[in-house]
$ cat target24.cif   # mmCIF, C-alpha atoms, pLDDT in the B column; chains and numbers go by the auth columns
data_upload
loop_
_atom_site.group_PDB
_atom_site.id
_atom_site.type_symbol
_atom_site.label_atom_id
_atom_site.label_comp_id
_atom_site.label_asym_id
_atom_site.label_seq_id
_atom_site.Cartn_x
_atom_site.Cartn_y
_atom_site.Cartn_z
_atom_site.B_iso_or_equiv
_atom_site.auth_seq_id
_atom_site.auth_asym_id
ATOM 1 C CA MET A 1 35.593 -143.885 83.669 44.00 1 A
ATOM 2 C CA ARG A 2 37.173 -147.157 82.585 43.00 2 A
ATOM 3 C CA LEU A 3 37.687 -146.283 78.951 39.00 3 A
ATOM 4 C CA PHE A 4 40.576 -147.085 76.693 37.00 4 A
ATOM 5 C CA ALA A 5 41.291 -146.960 73.017 37.00 5 A
ATOM 6 C CA SER A 6 43.772 -147.597 70.281 38.00 6 A
ATOM 7 C CA SER A 7 44.730 -147.185 66.669 37.00 7 A
ATOM 8 C CA VAL A 8 45.842 -143.549 66.248 35.00 8 A
ATOM 9 C CA VAL A 9 49.147 -143.127 64.431 33.00 9 A
ATOM 10 C CA LEU A 10 51.785 -141.379 66.539 33.00 10 A
ATOM 11 C CA ALA A 11 53.936 -138.608 65.056 35.00 11 A
ATOM 12 C CA ALA A 12 57.653 -139.274 64.770 35.00 12 A
ATOM 13 C CA ALA A 13 58.502 -137.143 67.786 35.00 13 A
ATOM 14 C CA LEU A 14 58.426 -138.988 71.121 34.00 14 A
ATOM 15 C CA VAL A 15 55.803 -138.026 73.671 38.00 15 A
ATOM 16 C CA LEU A 16 56.624 -135.565 76.520 36.00 16 A
ATOM 17 C CA TYR A 17 55.467 -135.704 80.173 38.00 17 A
ATOM 18 C CA GLY A 18 52.187 -133.845 80.634 38.00 18 A
ATOM 19 C CA CYS A 19 48.998 -133.683 78.609 39.00 19 A
ATOM 20 C CA ASP A 20 47.481 -131.764 75.750 42.00 20 A
ATOM 21 C CA SER A 21 44.188 -129.920 75.634 39.00 21 A
ATOM 22 C CA GLU A 22 42.296 -133.166 75.380 41.00 22 A
ATOM 23 C CA PRO A 23 41.499 -135.380 78.358 38.00 23 A
ATOM 24 C CA THR A 24 44.046 -137.975 79.456 37.00 24 A
ATOM 25 C CA ASP A 25 44.405 -140.073 82.570 41.00 25 A
ATOM 26 C CA THR A 26 47.957 -141.374 82.103 39.00 26 A
ATOM 27 C CA ASN A 27 51.342 -139.673 82.128 41.00 27 A
ATOM 28 C CA ALA A 28 52.625 -138.457 78.773 41.00 28 A
ATOM 29 C CA ALA A 29 56.056 -139.887 78.183 40.00 29 A
ATOM 30 C CA ASP A 30 59.373 -138.169 77.822 41.00 30 A
ATOM 31 C CA ALA A 31 60.632 -141.015 75.701 38.00 31 A
ATOM 32 C CA ASN A 32 64.078 -139.429 75.418 39.00 32 A
ATOM 33 C CA VAL A 33 65.101 -140.595 78.892 40.00 33 A
ATOM 34 C CA GLY A 34 68.137 -142.385 77.534 36.00 34 A
ATOM 35 C CA ALA A 35 66.271 -144.915 75.430 38.00 35 A
ATOM 36 C CA SER A 36 68.271 -146.905 72.923 35.00 36 A
ATOM 37 C CA SER A 37 67.797 -146.585 69.172 31.00 37 A
ATOM 38 C CA ALA A 38 64.624 -148.102 67.702 31.00 38 A
ATOM 39 C CA GLU A 39 64.809 -151.789 66.828 38.00 39 A
ATOM 40 C CA ASN A 40 61.361 -153.130 66.063 37.00 40 A
ATOM 41 C CA GLU A 41 58.077 -151.939 64.598 36.00 41 A
ATOM 42 C CA THR A 42 55.210 -151.991 67.098 38.00 42 A
ATOM 43 C CA ALA A 43 51.425 -151.728 67.090 44.00 43 A
ATOM 44 C CA ASP A 44 49.466 -148.791 65.674 51.00 44 A
ATOM 45 C CA GLY A 45 49.721 -145.667 67.797 56.00 45 A
ATOM 46 C CA ALA A 46 53.122 -146.580 69.239 54.00 46 A
ATOM 47 C CA ASP A 47 56.713 -145.740 68.455 61.00 47 A
ATOM 48 C CA ASP A 48 59.445 -148.333 68.104 82.00 48 A
ATOM 49 C CA LEU A 49 60.593 -150.501 70.977 92.00 49 A
ATOM 50 C CA LEU A 50 62.592 -148.617 73.627 96.00 50 A
ATOM 51 C CA HIS A 51 65.005 -150.090 76.143 96.00 51 A
ATOM 52 C CA GLU A 52 66.092 -148.818 79.573 96.00 52 A
ATOM 53 C CA THR A 53 67.484 -149.912 82.935 97.00 53 A
ATOM 54 C CA GLY A 54 66.208 -148.368 86.137 97.00 54 A
ATOM 55 C CA LEU A 55 65.092 -148.730 89.745 97.00 55 A
ATOM 56 C CA VAL A 56 61.487 -149.707 90.462 97.00 56 A
ATOM 57 C CA THR A 57 60.284 -147.318 93.157 97.00 57 A
ATOM 58 C CA HIS A 58 56.589 -148.204 93.238 97.00 58 A
ATOM 59 C CA VAL A 59 54.167 -150.802 91.851 97.00 59 A
ATOM 60 C CA GLU A 60 50.418 -150.164 91.754 97.00 60 A
ATOM 61 C CA ASP A 61 47.696 -152.726 91.112 96.00 61 A
ATOM 62 C CA ASN A 62 45.178 -151.143 88.722 91.00 62 A
ATOM 63 C CA GLY A 63 43.000 -154.244 88.648 88.00 63 A
ATOM 64 C CA TYR A 64 44.533 -157.520 87.505 90.00 64 A
ATOM 65 C CA PRO A 65 46.217 -157.964 85.082 93.00 65 A
ATOM 66 C CA THR A 66 47.019 -154.248 84.678 94.00 66 A
ATOM 67 C CA TYR A 67 49.760 -152.730 86.852 97.00 67 A
ATOM 68 C CA THR A 68 51.675 -149.453 86.863 97.00 68 A
ATOM 69 C CA PHE A 69 55.430 -149.605 87.512 98.00 69 A
ATOM 70 C CA THR A 70 57.170 -146.387 88.545 98.00 70 A
ATOM 71 C CA ILE A 71 60.795 -146.670 87.435 97.00 71 A
ATOM 72 C CA LEU A 72 63.632 -144.238 88.138 97.00 72 A
ATOM 73 C CA PHE A 73 65.801 -144.116 85.040 95.00 73 A
ATOM 74 C CA ARG A 74 67.949 -141.133 86.092 93.00 74 A
ATOM 75 C CA ALA A 75 68.770 -139.855 89.570 88.00 75 A
ATOM 76 C CA ASP A 76 68.023 -136.272 88.520 88.00 76 A
ATOM 77 C CA GLN A 77 64.606 -137.123 87.048 88.00 77 A
ATOM 78 C CA PRO A 78 61.273 -138.083 88.610 89.00 78 A
ATOM 79 C CA GLY A 79 59.996 -141.631 88.436 92.00 79 A
ATOM 80 C CA PHE A 80 58.640 -142.731 85.071 93.00 80 A
ATOM 81 C CA ASP A 81 55.207 -144.449 85.038 96.00 81 A
ATOM 82 C CA LEU A 82 54.763 -147.429 82.722 97.00 82 A
ATOM 83 C CA THR A 83 51.760 -149.733 82.543 96.00 83 A
ATOM 84 C CA ALA A 84 51.877 -153.469 81.929 96.00 84 A
ATOM 85 C CA ASN A 85 49.584 -156.405 81.373 95.00 85 A
ATOM 86 C CA VAL A 86 51.450 -158.735 83.707 95.00 86 A
ATOM 87 C CA ALA A 87 49.678 -161.767 82.243 93.00 87 A
ATOM 88 C CA GLU A 88 51.677 -161.134 79.063 93.00 88 A
ATOM 89 C CA LEU A 89 55.027 -160.714 80.855 95.00 89 A
ATOM 90 C CA ASP A 90 57.316 -163.597 81.764 91.00 90 A
ATOM 91 C CA LEU A 91 57.634 -162.878 85.481 93.00 91 A
ATOM 92 C CA GLY A 92 57.915 -166.504 86.535 90.00 92 A
ATOM 93 C CA ASP A 93 56.720 -167.001 90.111 92.00 93 A
ATOM 94 C CA ALA A 94 57.486 -163.387 91.062 94.00 94 A
ATOM 95 C CA SER A 95 54.621 -161.073 91.934 95.00 95 A
ATOM 96 C CA PRO A 96 54.602 -157.596 90.349 96.00 96 A
ATOM 97 C CA GLU A 97 54.990 -156.010 93.801 97.00 97 A
ATOM 98 C CA SER A 98 58.177 -157.998 94.418 96.00 98 A
ATOM 99 C CA PHE A 99 60.001 -155.824 91.869 97.00 99 A
ATOM 100 C CA THR A 100 59.775 -152.798 94.164 97.00 100 A
ATOM 101 C CA GLY A 101 63.273 -151.673 95.128 97.00 101 A
ATOM 102 C CA LYS A 102 64.940 -153.725 92.387 97.00 102 A
ATOM 103 C CA THR A 103 66.899 -152.596 89.355 97.00 103 A
ATOM 104 C CA VAL A 104 65.268 -153.924 86.202 97.00 104 A
ATOM 105 C CA SER A 105 65.832 -154.084 82.474 97.00 105 A
ATOM 106 C CA VAL A 106 62.700 -152.958 80.645 97.00 106 A
ATOM 107 C CA ASP A 107 61.558 -152.819 77.032 97.00 107 A
ATOM 108 C CA TYR A 108 58.551 -150.594 76.395 97.00 108 A
ATOM 109 C CA VAL A 109 56.626 -148.636 73.789 96.00 109 A
ATOM 110 C CA SER A 110 55.351 -145.076 74.076 95.00 110 A
ATOM 111 C CA GLY A 111 52.548 -143.593 72.062 93.00 111 A
ATOM 112 C CA GLU A 112 49.083 -142.133 71.962 94.00 112 A
ATOM 113 C CA GLU A 113 45.676 -143.606 71.290 94.00 113 A
ATOM 114 C CA PRO A 114 42.081 -142.368 71.077 96.00 114 A
ATOM 115 C CA ASN A 115 40.313 -142.213 74.435 96.00 115 A
ATOM 116 C CA LEU A 116 36.565 -142.755 74.088 97.00 116 A
ATOM 117 C CA MET A 117 34.682 -140.127 76.108 97.00 117 A
ATOM 118 C CA ASP A 118 31.124 -140.648 74.836 98.00 118 A
ATOM 119 C CA MET A 119 29.221 -142.497 72.147 98.00 119 A
ATOM 120 C CA ARG A 120 25.841 -141.373 70.900 97.00 120 A
ATOM 121 C CA ALA A 121 23.151 -143.117 68.879 97.00 121 A
ATOM 122 C CA SER A 122 19.951 -141.250 67.946 93.00 122 A
ATOM 123 C CA ASP A 123 21.209 -138.315 70.030 91.00 123 A
ATOM 124 C CA ARG A 124 21.445 -140.430 73.185 95.00 124 A
ATOM 125 C CA SER A 125 24.551 -141.713 74.939 97.00 125 A
ATOM 126 C CA VAL A 126 25.048 -145.482 74.910 97.00 126 A
ATOM 127 C CA LEU A 127 27.606 -145.454 77.737 96.00 127 A
ATOM 128 C CA GLY A 128 25.049 -145.781 80.507 92.00 128 A
ATOM 129 C CA SER A 129 26.407 -144.690 83.889 92.00 129 A
ATOM 130 C CA ASP A 130 29.758 -143.859 82.275 92.00 130 A
ATOM 131 C CA ALA A 131 28.237 -141.177 80.067 95.00 131 A
ATOM 132 C CA PRO A 132 29.737 -137.713 80.730 95.00 132 A
ATOM 133 C CA GLU A 133 27.531 -135.053 82.266 93.00 133 A
ATOM 134 C CA GLU A 134 28.706 -132.568 79.651 92.00 134 A
ATOM 135 C CA THR A 135 30.862 -132.599 76.544 91.00 135 A
ATOM 136 C CA ASP A 136 34.171 -130.865 75.939 95.00 136 A
ATOM 137 C CA PRO A 137 34.515 -128.730 72.772 94.00 137 A
ATOM 138 C CA ASN A 138 38.075 -130.032 72.399 95.00 138 A
ATOM 139 C CA TRP A 139 36.924 -133.612 71.895 97.00 139 A
ATOM 140 C CA LYS A 140 37.155 -134.974 68.365 97.00 140 A
ATOM 141 C CA ASN A 141 34.421 -137.057 66.793 97.00 141 A
ATOM 142 C CA ILE A 142 33.804 -139.693 64.170 98.00 142 A
ATOM 143 C CA THR A 143 30.423 -140.811 62.825 98.00 143 A
ATOM 144 C CA GLY A 144 29.979 -144.236 61.285 98.00 144 A
ATOM 145 C CA THR A 145 28.876 -147.819 61.756 98.00 145 A
ATOM 146 C CA LEU A 146 29.666 -149.457 65.101 98.00 146 A
ATOM 147 C CA SER A 147 31.134 -152.973 65.148 98.00 147 A
ATOM 148 C CA GLY A 148 32.604 -155.210 67.833 97.00 148 A
ATOM 149 C CA ALA A 149 29.848 -154.537 70.383 97.00 149 A
ATOM 150 C CA GLU A 150 27.780 -157.640 69.726 97.00 150 A
ATOM 151 C CA ALA A 151 27.510 -158.648 73.378 96.00 151 A
ATOM 152 C CA VAL A 152 28.550 -157.820 76.924 95.00 152 A
ATOM 153 C CA VAL A 153 31.537 -160.100 77.469 87.00 153 A
ATOM 154 C CA GLY A 154 32.986 -158.831 80.746 82.00 154 A
ATOM 155 C CA GLY A 155 36.450 -159.807 81.903 79.00 155 A
ATOM 156 C CA ASP A 156 39.507 -158.022 83.215 82.00 156 A
ATOM 157 C CA LEU A 157 40.571 -156.331 79.988 86.00 157 A
ATOM 158 C CA PRO A 158 38.576 -153.923 77.812 90.00 158 A
ATOM 159 C CA ASP A 159 36.959 -154.945 74.546 93.00 159 A
ATOM 160 C CA GLU A 160 37.825 -153.420 71.174 96.00 160 A
ATOM 161 C CA ILE A 161 35.097 -151.691 69.202 98.00 161 A
ATOM 162 C CA THR A 162 35.397 -149.948 65.836 98.00 162 A
ATOM 163 C CA VAL A 163 33.552 -147.063 64.222 98.00 163 A
ATOM 164 C CA THR A 164 33.765 -147.086 60.410 98.00 164 A
ATOM 165 C CA ALA A 165 32.883 -143.845 58.620 98.00 165 A
ATOM 166 C CA ALA A 166 31.212 -143.681 55.199 97.00 166 A
ATOM 167 C CA ASP A 167 34.522 -142.719 53.575 97.00 167 A
ATOM 168 C CA GLY A 168 36.206 -145.875 54.921 97.00 168 A
ATOM 169 C CA GLN A 169 37.995 -144.242 57.850 97.00 169 A
ATOM 170 C CA LYS A 170 38.142 -146.553 60.864 96.00 170 A
ATOM 171 C CA LEU A 171 38.842 -145.779 64.492 97.00 171 A
ATOM 172 C CA THR A 172 39.182 -148.518 67.106 97.00 172 A
ATOM 173 C CA PHE A 173 38.604 -147.914 70.804 97.00 173 A
ATOM 174 C CA LYS A 174 39.431 -150.018 73.844 94.00 174 A
ATOM 175 C CA THR A 175 36.425 -149.901 76.146 95.00 175 A
ATOM 176 C CA TYR A 176 34.063 -152.129 78.096 93.00 176 A
ATOM 177 C CA VAL A 177 30.951 -152.986 76.101 96.00 177 A
ATOM 178 C CA ASN A 178 27.838 -152.456 78.219 94.00 178 A
ATOM 179 C CA ALA A 179 24.195 -153.413 77.757 95.00 179 A
ATOM 180 C CA GLU A 180 23.270 -149.982 76.410 96.00 180 A
ATOM 181 C CA MET A 181 25.878 -150.219 73.654 97.00 181 A
ATOM 182 C CA VAL A 182 24.859 -153.632 72.288 97.00 182 A
ATOM 183 C CA PRO A 183 21.647 -152.457 70.520 97.00 183 A
ATOM 184 C CA ALA A 184 23.729 -149.818 68.683 98.00 184 A
ATOM 185 C CA ASN A 185 26.050 -152.434 67.162 98.00 185 A
ATOM 186 C CA GLY A 186 25.753 -152.363 63.371 98.00 186 A
ATOM 187 C CA LYS A 187 24.079 -148.964 63.476 97.00 187 A
ATOM 188 C CA THR A 188 25.274 -145.408 62.960 98.00 188 A
ATOM 189 C CA VAL A 189 26.850 -143.819 66.022 98.00 189 A
ATOM 190 C CA THR A 190 28.974 -140.783 66.803 98.00 190 A
ATOM 191 C CA ALA A 191 32.016 -141.377 68.982 98.00 191 A
ATOM 192 C CA LEU A 192 33.480 -138.448 70.902 98.00 192 A
ATOM 193 C CA TYR A 193 37.088 -138.936 71.932 98.00 193 A
ATOM 194 C CA GLY A 194 40.228 -137.337 73.289 97.00 194 A
ATOM 195 C CA THR A 195 43.845 -138.518 73.362 95.00 195 A
ATOM 196 C CA ARG A 196 45.411 -140.905 75.846 92.00 196 A
ATOM 197 C CA TYR A 197 49.191 -141.151 76.140 93.00 197 A
ATOM 198 C CA PHE A 198 50.721 -144.463 77.131 93.00 198 A
ATOM 199 C CA ASN A 199 54.012 -146.054 78.112 96.00 199 A
ATOM 200 C CA ARG A 200 53.520 -149.822 77.922 96.00 200 A
ATOM 201 C CA ILE A 201 55.981 -152.461 79.121 97.00 201 A
ATOM 202 C CA VAL A 202 56.511 -155.437 76.828 96.00 202 A
ATOM 203 C CA ARG A 203 59.432 -157.038 78.746 96.00 203 A
ATOM 204 C CA LEU A 204 60.558 -156.687 82.367 96.00 204 A
ATOM 205 C CA GLN A 205 63.511 -158.532 83.890 93.00 205 A
ATOM 206 C CA PRO A 206 65.615 -158.007 87.047 90.00 206 A
#
$ encode --input "target24.cif" --output "structure tokens"
Amino acid sequence: MRLFASSVVLAAALVLYGCDSEPTDTNAADANVGASSAENETADGADDLLHETGLVTHVEDNGYPTYTFTILFRADQPGFDLTANVAELDLGDASPESFTGKTVSVDYVSGEEPNLMDMRASDRSVLGSDAPEETDPNWKNITGTLSGAEAVVGGDLPDEITVTAADGQKLTFKTYVNAEMVPANGKTVTALYGTRYFNRIVRLQP
């Protein structure tokens, strides 16, 4: 299910490889793989900017412009998976795949964000064919007014939608707005979500 999300504040400890009891479809990061000290503040849900040098062992196209780079930072450790929006990287004329087998300098952020699993309005899912067949008791939930789902936009990257609870709490999710979700915009919905861990490249140079 092509669902993403953002805007959960990460604890001060860096994320470890693996996953918690909630669903996740990316590797959890061991951000202590020799990263330098923090230098800059980053977006919600992420730790400070990390820097490393390593060997790119594999590049996977996840659907342009999103790619996964597997980078070997230490000979005695497995490859480290980091995602990137290559449209935001200054790669010049080089293709992402051309970095395979090269040693690169990489700046990245690690963190966690809410992963939308289902959204319900009037006790019915508004995710259409992406709706889960059953729910997981470990999923969290927030009930409030849906915004950001005014229309089906399409495109390569997910949209951002927000659920605002009556007490002012807001949770933003990265997901693709579909036709079933649009009528629920501006109305009360319940979002069910887990946690997604991410390692996101912000600079990549040979």
$ residues_around --input "target24.cif" --residues "region 92-101 of chain A" --least-positions-apart "2" --cutoff "6 Å" --atoms "only C-alpha atoms" --output "MDAnalysis selection string"
chainID A and resid 56:59 90
$ residues_around --input "target24.cif" --residues "Asp156 (chain A)" --least-positions-apart "2" --cutoff "12 Å" --atoms "only C-alpha atoms" --output "ChimeraX atom specification"
/A:2,62-66,85-87,153-154,158-159,175-176
$ resolve_selection --input "target24.cif" --expression "the PyMOL selection byres ((chain A and resi 195-206) around 6)" --output "list in words"
Glu22, Thr24, Ala28, Leu82, Thr83, Ala84, Val104, Ser105, Val106, Asp107, Tyr108, Val109, Ser110, Gly111, Glu112, Glu113, Pro114, Asn115 and Gly194 of chain A
$ closest_residue --input "target24.cif" --among "A:Thr68, A:Asn178, A:Gln169, A:Asn138" --to "Gly155 (chain A)" --atoms "all atoms listed in the file"
A:Asn178
$ atom_distance --input "target24.cif" --atom1 "CA of Arg124 (chain A)" --atom2 "CA of Gly168 (chain A)"
24.1 Å
$ atom_distance --input "target24.cif" --atom1 "CA of Met181 (chain A)" --atom2 "CA of Glu88 (chain A)"
28.5 Å
$ atom_distance --input "target24.cif" --atom1 "CA of Val189 (chain A)" --atom2 "CA of Glu133 (chain A)"
18.5 Å
$ resolve_selection --input "target24.cif" --expression "the PyMOL selection byres ((chain A and resi 127) around 8)" --output "PyMOL selection string"
chain A and resi 118-119+125-126+128-131+178+180-181
$ resolve_selection --input "target24.cif" --expression "the PyMOL selection byres ((chain A and resi 149) around 8)" --output "list of chain:residue names"
A:Leu146, A:Ser147, A:Gly148, A:Glu150, A:Ala151, A:Val152, A:Ile161, A:Val177, A:Met181, A:Val182, A:Ala184, A:Asn185
$ write_last_selection --input "target24.cif" --atoms "C-alpha atoms" --output "CSV table (one decimal), in the frame of the given file"
chain,number,residue,atom,x,y,z
A,146,LEU,CA,29.7,-149.5,65.1
A,147,SER,CA,31.1,-153.0,65.1
A,148,GLY,CA,32.6,-155.2,67.8
A,150,GLU,CA,27.8,-157.6,69.7
A,151,ALA,CA,27.5,-158.6,73.4
A,152,VAL,CA,28.6,-157.8,76.9
A,161,ILE,CA,35.1,-151.7,69.2
A,177,VAL,CA,31.0,-153.0,76.1
A,181,MET,CA,25.9,-150.2,73.7
A,182,VAL,CA,24.9,-153.6,72.3
A,184,ALA,CA,23.7,-149.8,68.7
A,185,ASN,CA,26.0,-152.4,67.2
$ axis_aligned_box --input "target24.cif" --around "region 174-178 of chain A" --padding-each-side "4 Å" --output "AutoDock Vina command-line options"
--center_x 33.6 --center_y -151.4 --center_z 76.0 --size_x 19.6 --size_y 11.1 --size_z 12.4
$ residues_around --input "target24.cif" --residues "Leu192 (chain A)" --least-positions-apart "5" --cutoff "7 Å" --atoms "all atoms listed in the file" --output "ChimeraX atom specification"
/A:116-119,139-142
